[in-house]
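Asks: This is query_34.txt, which holds compact mmCIF, C-alpha atoms and all ligand atoms:
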```
# COMPACT_ATOMS: atom_id res chain seq x y z
CA MET B 1 7.64 0.86 8.98
CA LYS B 2 6.14 2.80 6.10
CA ILE B 3 7.64 2.49 2.62
CA ALA B 4 7.17 5.56 0.41
CA PRO B 5 8.32 5.06 -3.19
CA SER B 6 9.53 8.25 -4.85
CA ILE B 7 7.92 8.73 -8.25
CA LEU B 8 11.03 10.60 -9.35
CA ALA B 9 12.17 7.13 -10.43
CA ALA B 10 8.86 6.30 -12.17
CA ASP B 11 7.95 6.59 -15.84
CA PHE B 12 7.15 10.31 -16.22
CA ALA B 13 4.78 9.54 -19.12
CA ASN B 14 2.73 7.24 -16.89
CA PHE B 15 2.51 8.82 -13.43
CA GLY B 16 -1.11 7.87 -12.76
CA ALA B 17 -0.60 4.21 -13.64
CA GLU B 18 2.72 4.15 -11.77
CA CYS B 19 1.05 5.44 -8.57
CA GLU B 20 -1.68 2.81 -8.87
CA ALA B 21 0.93 0.11 -9.50
CA ILE B 22 3.11 0.90 -6.49
CA GLU B 23 0.11 1.07 -4.16
CA ALA B 24 -1.15 -2.27 -5.50
CA GLN B 25 2.34 -3.67 -4.90
CA GLY B 26 2.44 -2.65 -1.23
CA ALA B 27 3.56 0.98 -1.01
CA ASP B 28 2.29 2.71 2.13
CA TRP B 29 2.72 6.30 0.90
CA VAL B 30 3.49 7.88 -2.47
CA HIS B 31 6.42 10.31 -2.24
CA VAL B 32 6.36 13.22 -4.69
CA ASP B 33 9.62 15.15 -5.20
CA VAL B 34 9.11 18.74 -6.33
CA MET B 35 12.30 20.45 -7.57
CA ASP B 36 12.68 23.99 -8.82
CA GLY B 37 16.14 24.26 -10.43
CA HIS B 38 17.00 26.90 -7.83
CA PHE B 39 17.02 25.35 -4.35
CA VAL B 40 18.27 22.17 -6.03
CA PRO B 41 19.94 21.87 -9.45
CA ASN B 42 17.16 19.80 -11.02
CA ILE B 43 13.60 20.57 -12.14
CA SER B 44 10.84 17.96 -11.75
CA PHE B 45 7.21 19.13 -11.68
CA GLY B 46 4.77 21.26 -9.71
CA PRO B 47 1.29 21.44 -8.22
CA THR B 48 -0.49 20.78 -11.51
CA THR B 49 1.15 17.37 -11.75
CA CYS B 50 0.30 16.68 -8.10
CA ALA B 51 -3.36 17.48 -8.78
CA ALA B 52 -3.33 15.23 -11.85
CA ILE B 53 -1.97 12.21 -9.98
CA ARG B 54 -4.08 12.71 -6.83
CA PRO B 55 -7.06 10.68 -8.15
CA HIS B 56 -4.67 7.79 -8.80
CA ILE B 57 -3.48 7.63 -5.16
CA LYS B 58 -5.74 5.98 -2.56
CA GLY B 59 -3.46 6.62 0.41
CA VAL B 60 -1.08 9.33 1.51
CA MET B 61 0.41 11.75 -1.02
CA ASP B 62 3.66 12.88 0.60
CA VAL B 63 4.95 16.00 -1.14
CA HIS B 64 8.59 16.96 -0.63
CA LEU B 65 9.22 20.55 -1.68
CA MET B 66 12.81 21.18 -2.78
CA ILE B 67 11.96 24.75 -3.69
CA ALA B 68 12.70 28.25 -2.44
CA PRO B 69 10.73 30.23 -1.57
CA VAL B 70 8.10 27.82 -0.22
CA ASP B 71 5.38 29.97 1.31
CA PRO B 72 3.81 31.34 -1.91
CA TYR B 73 3.16 27.78 -3.12
CA ILE B 74 1.77 26.08 0.00
CA ASP B 75 -1.89 26.62 -0.87
CA ALA B 76 -1.33 25.33 -4.41
CA PHE B 77 0.08 22.04 -3.13
CA ALA B 78 -2.57 21.72 -0.41
CA ASN B 79 -5.29 22.35 -3.00
CA ALA B 80 -3.65 19.73 -5.23
CA GLY B 81 -4.43 17.20 -2.50
CA ALA B 82 -1.13 16.80 -0.66
CA ASP B 83 -1.61 15.03 2.67
CA VAL B 84 1.91 15.85 3.86
CA ILE B 85 3.86 18.90 2.69
CA THR B 86 7.53 18.98 3.63
CA ALA B 87 9.68 22.10 3.36
CA HIS B 88 13.43 22.37 3.85
CA VAL B 89 14.75 24.20 6.88
CA GLU B 90 17.44 25.62 4.54
CA ALA B 91 14.88 27.01 2.07
CA GLY B 92 14.20 30.27 3.88
CA PRO B 93 14.60 32.28 7.06
CA HIS B 94 11.13 31.59 8.51
CA ILE B 95 10.57 27.83 8.64
CA HIS B 96 8.46 28.26 11.80
CA ARG B 97 6.02 30.40 9.83
CA THR B 98 6.12 27.95 6.91
CA LEU B 99 5.11 24.99 9.09
CA GLN B 100 2.26 27.00 10.60
CA ALA B 101 1.09 27.88 7.09
CA ILE B 102 1.20 24.23 5.98
CA ARG B 103 -0.97 23.17 8.91
CA GLY B 104 -3.18 26.18 8.32
CA ALA B 105 -3.72 24.94 4.76
CA GLY B 106 -4.96 21.61 6.13
CA ALA B 107 -1.94 19.40 5.47
CA LYS B 108 0.47 17.62 7.79
CA ALA B 109 3.66 19.64 8.13
CA GLY B 110 7.07 18.16 7.43
CA VAL B 111 10.51 19.68 7.75
CA ALA B 112 13.52 18.36 5.84
CA LEU B 113 17.21 18.58 6.74
CA ASN B 114 20.05 18.45 4.25
CA PRO B 115 22.97 16.21 5.26
CA SER B 116 25.01 19.22 6.41
CA THR B 117 22.26 20.61 8.68
CA PRO B 118 22.36 19.47 12.31
CA ALA B 119 19.39 18.02 14.20
CA GLU B 120 19.37 21.05 16.49
CA ALA B 121 18.05 23.19 13.59
CA VAL B 122 14.57 21.76 14.26
CA ALA B 123 14.67 21.86 18.07
CA HIS B 124 12.23 24.80 18.15
CA LEU B 125 9.86 23.12 15.67
CA LEU B 126 9.06 19.81 17.36
CA ASP B 127 5.51 20.81 18.35
CA LEU B 128 4.82 22.29 14.93
CA THR B 129 5.83 19.36 12.77
CA ASP B 130 4.37 15.95 11.96
CA LEU B 131 7.41 14.61 10.12
CA ILE B 132 11.14 15.24 9.99
CA CYS B 133 12.76 14.19 6.72
CA VAL B 134 16.44 13.35 7.10
CA MET B 135 18.16 13.58 3.74
CA THR B 136 20.71 10.85 3.24
CA VAL B 137 21.83 12.33 -0.08
CA ASN B 138 22.28 15.93 -1.16
CA PRO B 139 18.84 16.65 -2.62
CA GLY B 140 18.24 17.05 -6.33
CA PHE B 141 18.64 13.66 -7.97
CA GLY B 142 17.66 10.05 -7.52
CA GLY B 143 20.13 7.21 -7.61
CA GLN B 144 22.81 8.77 -5.41
CA LYS B 145 24.99 7.02 -2.86
CA PHE B 146 23.63 6.83 0.70
CA ILE B 147 25.24 9.13 3.30
CA ASP B 148 25.01 7.64 6.80
CA MET B 149 23.08 10.03 9.05
CA SER B 150 22.56 7.54 11.90
CA ASP B 151 23.82 9.90 14.61
CA LYS B 152 21.44 12.64 13.45
CA ILE B 153 18.50 10.23 13.36
CA LYS B 154 19.24 9.02 16.90
CA THR B 155 19.54 12.60 18.16
CA LEU B 156 16.22 13.50 16.55
CA ARG B 157 14.46 10.44 17.98
CA SER B 158 15.66 11.45 21.42
CA MET B 159 14.63 15.10 20.91
CA ILE B 160 11.16 14.04 19.68
CA GLY B 161 10.45 11.99 22.82
CA ASP B 162 6.84 10.86 22.90
CA ARG B 163 5.57 13.39 20.33
CA PRO B 164 3.79 11.80 17.32
CA VAL B 165 6.46 12.86 14.81
CA HIS B 166 7.63 10.59 11.98
CA ILE B 167 11.29 10.38 11.02
CA GLU B 168 11.48 9.87 7.27
CA ILE B 169 14.69 8.93 5.47
CA ASP B 170 15.23 10.04 1.89
CA GLY B 171 18.05 9.08 -0.43
CA GLY B 172 19.93 5.90 -1.23
CA VAL B 173 17.53 3.67 0.71
CA ASP B 174 17.70 0.01 -0.35
CA PRO B 175 17.77 -3.35 1.46
CA SER B 176 21.38 -2.77 2.52
CA THR B 177 20.83 0.70 4.04
CA ALA B 178 17.27 0.28 5.40
CA PRO B 179 18.44 -1.61 8.52
CA ILE B 180 20.93 1.15 9.35
CA VAL B 181 18.29 3.87 9.42
CA ALA B 182 15.65 1.67 11.02
CA GLN B 183 18.07 0.83 13.81
CA ALA B 184 18.69 4.54 14.36
CA GLY B 185 14.96 5.33 14.72
CA ALA B 186 13.44 5.99 11.30
CA ASP B 187 9.83 4.93 10.65
CA VAL B 188 9.25 6.09 7.05
CA LEU B 189 11.59 5.07 4.22
CA VAL B 190 11.54 6.86 0.87
CA ALA B 191 13.03 4.83 -1.97
CA GLY B 192 13.10 5.63 -5.67
CA SER B 193 15.53 3.57 -7.70
CA ALA B 194 15.45 0.63 -5.30
CA VAL B 195 11.65 0.32 -5.75
CA PHE B 196 11.24 0.98 -9.47
CA LYS B 197 14.23 -1.02 -10.74
CA GLY B 198 13.31 -3.93 -12.96
CA GLY B 199 9.59 -3.12 -13.17
CA SER B 200 7.13 -1.14 -15.26
CA VAL B 201 3.39 -0.47 -15.34
CA SER B 202 3.01 -3.46 -17.64
CA ASP B 203 5.18 -5.62 -15.35
CA PRO B 204 4.72 -4.21 -11.83
CA ALA B 205 5.56 -7.36 -9.86
CA PRO B 206 9.22 -6.29 -9.35
CA TYR B 207 7.91 -3.20 -7.50
CA GLY B 208 6.30 -5.53 -4.97
CA THR B 209 9.41 -7.66 -4.67
CA ASN B 210 11.56 -4.56 -4.15
CA ILE B 211 9.21 -3.01 -1.56
CA LYS B 212 9.06 -6.31 0.32
CA ALA B 213 12.87 -6.58 0.32
CA ILE B 214 13.26 -3.11 1.83
CA ARG B 215 10.51 -3.76 4.38
CA GLU B 216 11.94 -7.10 5.43
CA ALA B 217 15.47 -5.71 5.66
CA ALA B 218 14.21 -3.02 8.04
CA ALA B 219 11.83 -5.30 9.93
CA GLY B 220 14.53 -7.04 11.91
CA VAL B 221 15.03 -3.84 13.83
CA TYR B 222 11.70 -1.99 13.39
CA ALA B 223 8.49 -3.97 12.74
O1 LIG A 1 14.45 13.72 -2.81
C1 LIG A 1 15.15 12.93 -3.35
C2 LIG A 1 16.34 13.35 -4.09
O2 LIG A 1 16.49 14.71 -3.96
C3 LIG A 1 14.82 11.49 -3.22
O3 LIG A 1 13.44 11.27 -2.95
C4 LIG A 1 15.27 10.61 -4.29
O4 LIG A 1 14.40 10.67 -5.38
C5 LIG A 1 15.35 9.21 -3.79
O5 LIG A 1 15.85 8.45 -4.82
P1 LIG A 1 16.76 7.19 -4.56
O6 LIG A 1 18.00 7.68 -3.87
O7 LIG A 1 15.96 6.29 -3.68
O8 LIG A 1 17.00 6.66 -5.92
```
Output the file's structure in the form of structure tokens.

Replies:
Amino acid sequence: MKIAPSILAADFANFGAECEAIEAQGADWVHVDVMDGHFVPNISFGPTTCAAIRPHIKGVMDVHLMIAPVDPYIDAFANAGADVITAHVEAGPHIHRTLQAIRGAGAKAGVALNPSTPAEAVAHLLDLTDLICVMTVNPGFGGQKFIDMSDKIKTLRSMIGDRPVHIEIDGGVDPSTAPIVAQAGADVLVAGSAVFKGGSVSDPAPYGTNIKAIREAAAGVYA
């Protein structure tokens, strides 16, 4: 199970140090939420910030684009050093083309599904994607209440079969919800508030405790 803290819950004045702190405290990936105030009602940051934090991340920079349109910005995020670029299936009419462009730019291609979008929306994309992100909140803000998408996760796991495609869960993940999604078939857990709560760059130990708690809660069903 990979744990991917979302830096949306980090100290925005200290992104570089926050990325270093969460990796030192056991994060597997660093999840970067890009919001445009159009596809979602919040604005976060863009490719310039991604490029600035890249040198502070040793492992995977997992960039989640909550923007529309996506295609004009793919090269900018790939050039900023994104290892994974995830676009929403709801963000435009040509997600097939978008995933091809992400791979063409040298990144792993992810596709995200809002809670209201069924698993079948990605049936034609399974050989073009490296990761399916199942939103368990309506995207736009951290700290929201988890929406149970277990049936969708199980359907996706069955559709994926033996393809090497991650199922990532994003929104409201904490030690109480991690076992639910792990049981259903998830293998990457994004968590913002549940990782960053109680810690800071000057006192990062709570990040480690929080990551361990999520990992151990999930481990009973997915090692
Ligand atoms: O993409 C999003 C929200 O749109 C998520 O990545 C959240 O940032 C996760 O935050 P928590 O629900 O874990 O606080």

Asks: Please determine, counting only C-alpha atoms and all ligand atoms, which residue among B:Thr48, B:Thr129, B:Gln144, B:Gln25 has the shortest atom-to-atom distance to ligand LIG 1 (chain A).

Replies: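 Comparing B:Thr48, B:Thr129, B:Gln144, B:Gln25 against ligand LIG 1 (chain A), the winner is B:Gln144.
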
Asks: Could you work out an axis-aligned box for ligand LIG 1 (chain A), taking every atom the file lists and adding 3 Å on each side, and report centre and edge lengths in Å to one decimal, as lines of an AutoDock Vina configuration file?

Replies:
```
center_x = 15.7
center_y = 10.5
center_z = -4.4
size_x = 10.6
size_y = 14.4
size_z = 9.1
```

Asks: Give as a list of chain:residue names every residue, naming chains and numbers as the document does, that has an atom within 10 Å of (0.8, 24.2, -1.9), counting only C-alpha atoms.

Replies: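 The requested residues, written out, are B:Gly46, B:Pro47, B:Cys50, B:Val63, B:Leu65, B:Val70, B:Asp71, B:Pro72, B:Tyr73, B:Ile74, B:Asp75, B:Ala76, B:Phe77, B:Ala78, B:Asn79, B:Ala80, B:Gly81, B:Ala82, B:Ile85, B:Ala101, B:Ile102, B:Ala105, B:Ala107.
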
Asks: Using only C-alpha atoms, which residue out of B:Ala87, B:Ala205, B:Val190, B:Glu216 lies closest to Pro5 in chain B?

Replies: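 The answer is B:Val190, which sits nearest to Pro5 in chain B.
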
Asks: What's the 10 Å shell around Ala191 in chain B, counting all atoms listed in the file, without same-chain residues fewer than 2 positions away, as a list in words?

Replies: Ile3, Ala4, Pro5, Ser6, Ile7, Leu8, Ala9, His31, Gly142, Gly143, Ile169, Asp170, Gly171, Gly172, Val173, Asp174, Ala178, Val188, Leu189, Ser193, Ala194, Val195, Phe196, Asn210, Ile211 and Ile214 of chain B

Asks: Would you save the residues from that selection as a CSV table (one decimal), in the frame of the given file, using C-alpha atoms?

Replies:
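In the end it all went to result-v3.csv:
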```csv
chain,number,residue,atom,x,y,z
B,3,ILE,CA,7.6,2.5,2.6
B,4,ALA,CA,7.2,5.6,0.4
B,5,PRO,CA,8.3,5.1,-3.2
B,6,SER,CA,9.5,8.2,-4.8
B,7,ILE,CA,7.9,8.7,-8.2
B,8,LEU,CA,11.0,10.6,-9.4
B,9,ALA,CA,12.2,7.1,-10.4
B,31,HIS,CA,6.4,10.3,-2.2
B,142,GLY,CA,17.7,10.0,-7.5
B,143,GLY,CA,20.1,7.2,-7.6
B,169,ILE,CA,14.7,8.9,5.5
B,170,ASP,CA,15.2,10.0,1.9
B,171,GLY,CA,18.0,9.1,-0.4
B,172,GLY,CA,19.9,5.9,-1.2
B,173,VAL,CA,17.5,3.7,0.7
B,174,ASP,CA,17.7,0.0,-0.4
B,178,ALA,CA,17.3,0.3,5.4
B,188,VAL,CA,9.2,6.1,7.0
B,189,LEU,CA,11.6,5.1,4.2
B,193,SER,CA,15.5,3.6,-7.7
B,194,ALA,CA,15.4,0.6,-5.3
B,195,VAL,CA,11.6,0.3,-5.8
B,196,PHE,CA,11.2,1.0,-9.5
B,210,ASN,CA,11.6,-4.6,-4.2
B,211,ILE,CA,9.2,-3.0,-1.6
B,214,ILE,CA,13.3,-3.1,1.8
```

Asks: Under the rule that all atoms listed in the file are counted, which of B:Pro41, B:Gly26, B:Gly140, B:Pro164 is the nearest residue to Gly59 in chain B?

Replies: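 Smallest distance to Gly59 in chain B is found for B:Gly26.
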
Asks: Could you check how far CA of Ile22 in chain B sits from CA of Ile67 in chain B, in Å to one decimal?

Replies: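 Value for the CA of Ile22 in chain B-CA of Ile67 in chain B distance: 25.6 Å.
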
Asks: Tell me which of B:Ala186, B:Ile95, B:Ala52, B:Ile43 sits closest to Thr136 in chain B, counting all atoms listed in the file.

Replies: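 Closest residue, counting all atoms listed in the file: B:Ala186.
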
Asks: What is the distance between CA of Ala17 in chain B and atom P1 of ligand LIG 1 (chain A), in Å to one decimal?

Replies: 19.8 Å

Asks: Check the smallest atom-to-atom distance from each of B:Val40, B:Val181, B:Ala13, B:Ile160 to ligand LIG 1 (chain A) using only C-alpha atoms and all ligand atoms, then report the winner.

Replies: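 So, comparing all the options, the nearest one is B:Val40.
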
Asks: Kindly indicate which residue among B:Pro115, B:Gly220, B:Pro204, B:Gly198 lies nearest to Ala24 in chain B, using only C-alpha atoms for the distances.

Replies: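 Counting only C-alpha atoms, the residue closest to Ala24 in chain B is B:Pro204.
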
Asks: Would you list the residues near (1.2, 21.4, 20.4) (no more than 12 Å away, in the coordinates of the file, using all atoms listed in the file) as a VMD selection string?

Replies: chain B and resid 100 103 124 to 130 163 to 165

Asks: Show me, as a PDB file with C-alpha atoms, keeping the file's coordinate frame, the residues that have an atom within 9 Å of Glu18 in chain B when counting only C-alpha atoms, minus same-chain residues fewer than 6 positions from it.

Replies:
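Full text of selection.pdb as output:
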```pdb
ATOM      1  CA  ILE B   7       7.920   8.730  -8.250  1.00  0.00           C
ATOM      2  CA  ALA B  10       8.860   6.300 -12.170  1.00  0.00           C
ATOM      3  CA  ASP B  11       7.950   6.590 -15.840  1.00  0.00           C
ATOM      4  CA  PHE B  12       7.150  10.310 -16.220  1.00  0.00           C
ATOM      5  CA  HIS B  56      -4.670   7.790  -8.800  1.00  0.00           C
ATOM      6  CA  SER B 200       7.130  -1.140 -15.260  1.00  0.00           C
ATOM      7  CA  VAL B 201       3.390  -0.470 -15.340  1.00  0.00           C
ATOM      8  CA  PRO B 204       4.720  -4.210 -11.830  1.00  0.00           C
TER       9      PRO B 204
END
```

Asks: Would you mind reading off the distance between CA of Val89 in chain B and CA of Val60 in chain B, one decimal, in Å?

Replies: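 Interatomic distance here is 22.4 Å.
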
Asks: Pick out the residues sitting within 8 Å of Asn114 in chain B, and hand them over as a list in words; count only C-alpha atoms, and ignore anything fewer than 4 positions along from it in its own chain.

Replies: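 After dropping sequence-adjacent residues, the list is His88, Glu90, Val134, Met135, Thr136, Val137, Asn138 and Pro139 of chain B.
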
Asks: Got a sec: who's within 10 Å of Gln183 in chain B, counting only C-alpha atoms, leaving out chain neighbours fewer than 4 positions off, as a CSV table (one decimal) with C-alpha atoms, in the frame of the given file?

Replies:
```csv
chain,number,residue,atom,x,y,z
B,150,SER,CA,22.6,7.5,11.9
B,153,ILE,CA,18.5,10.2,13.4
B,154,LYS,CA,19.2,9.0,16.9
B,178,ALA,CA,17.3,0.3,5.4
B,179,PRO,CA,18.4,-1.6,8.5
B,187,ASP,CA,9.8,4.9,10.6
B,218,ALA,CA,14.2,-3.0,8.0
B,219,ALA,CA,11.8,-5.3,9.9
B,220,GLY,CA,14.5,-7.0,11.9
B,221,VAL,CA,15.0,-3.8,13.8
B,222,TYR,CA,11.7,-2.0,13.4
```
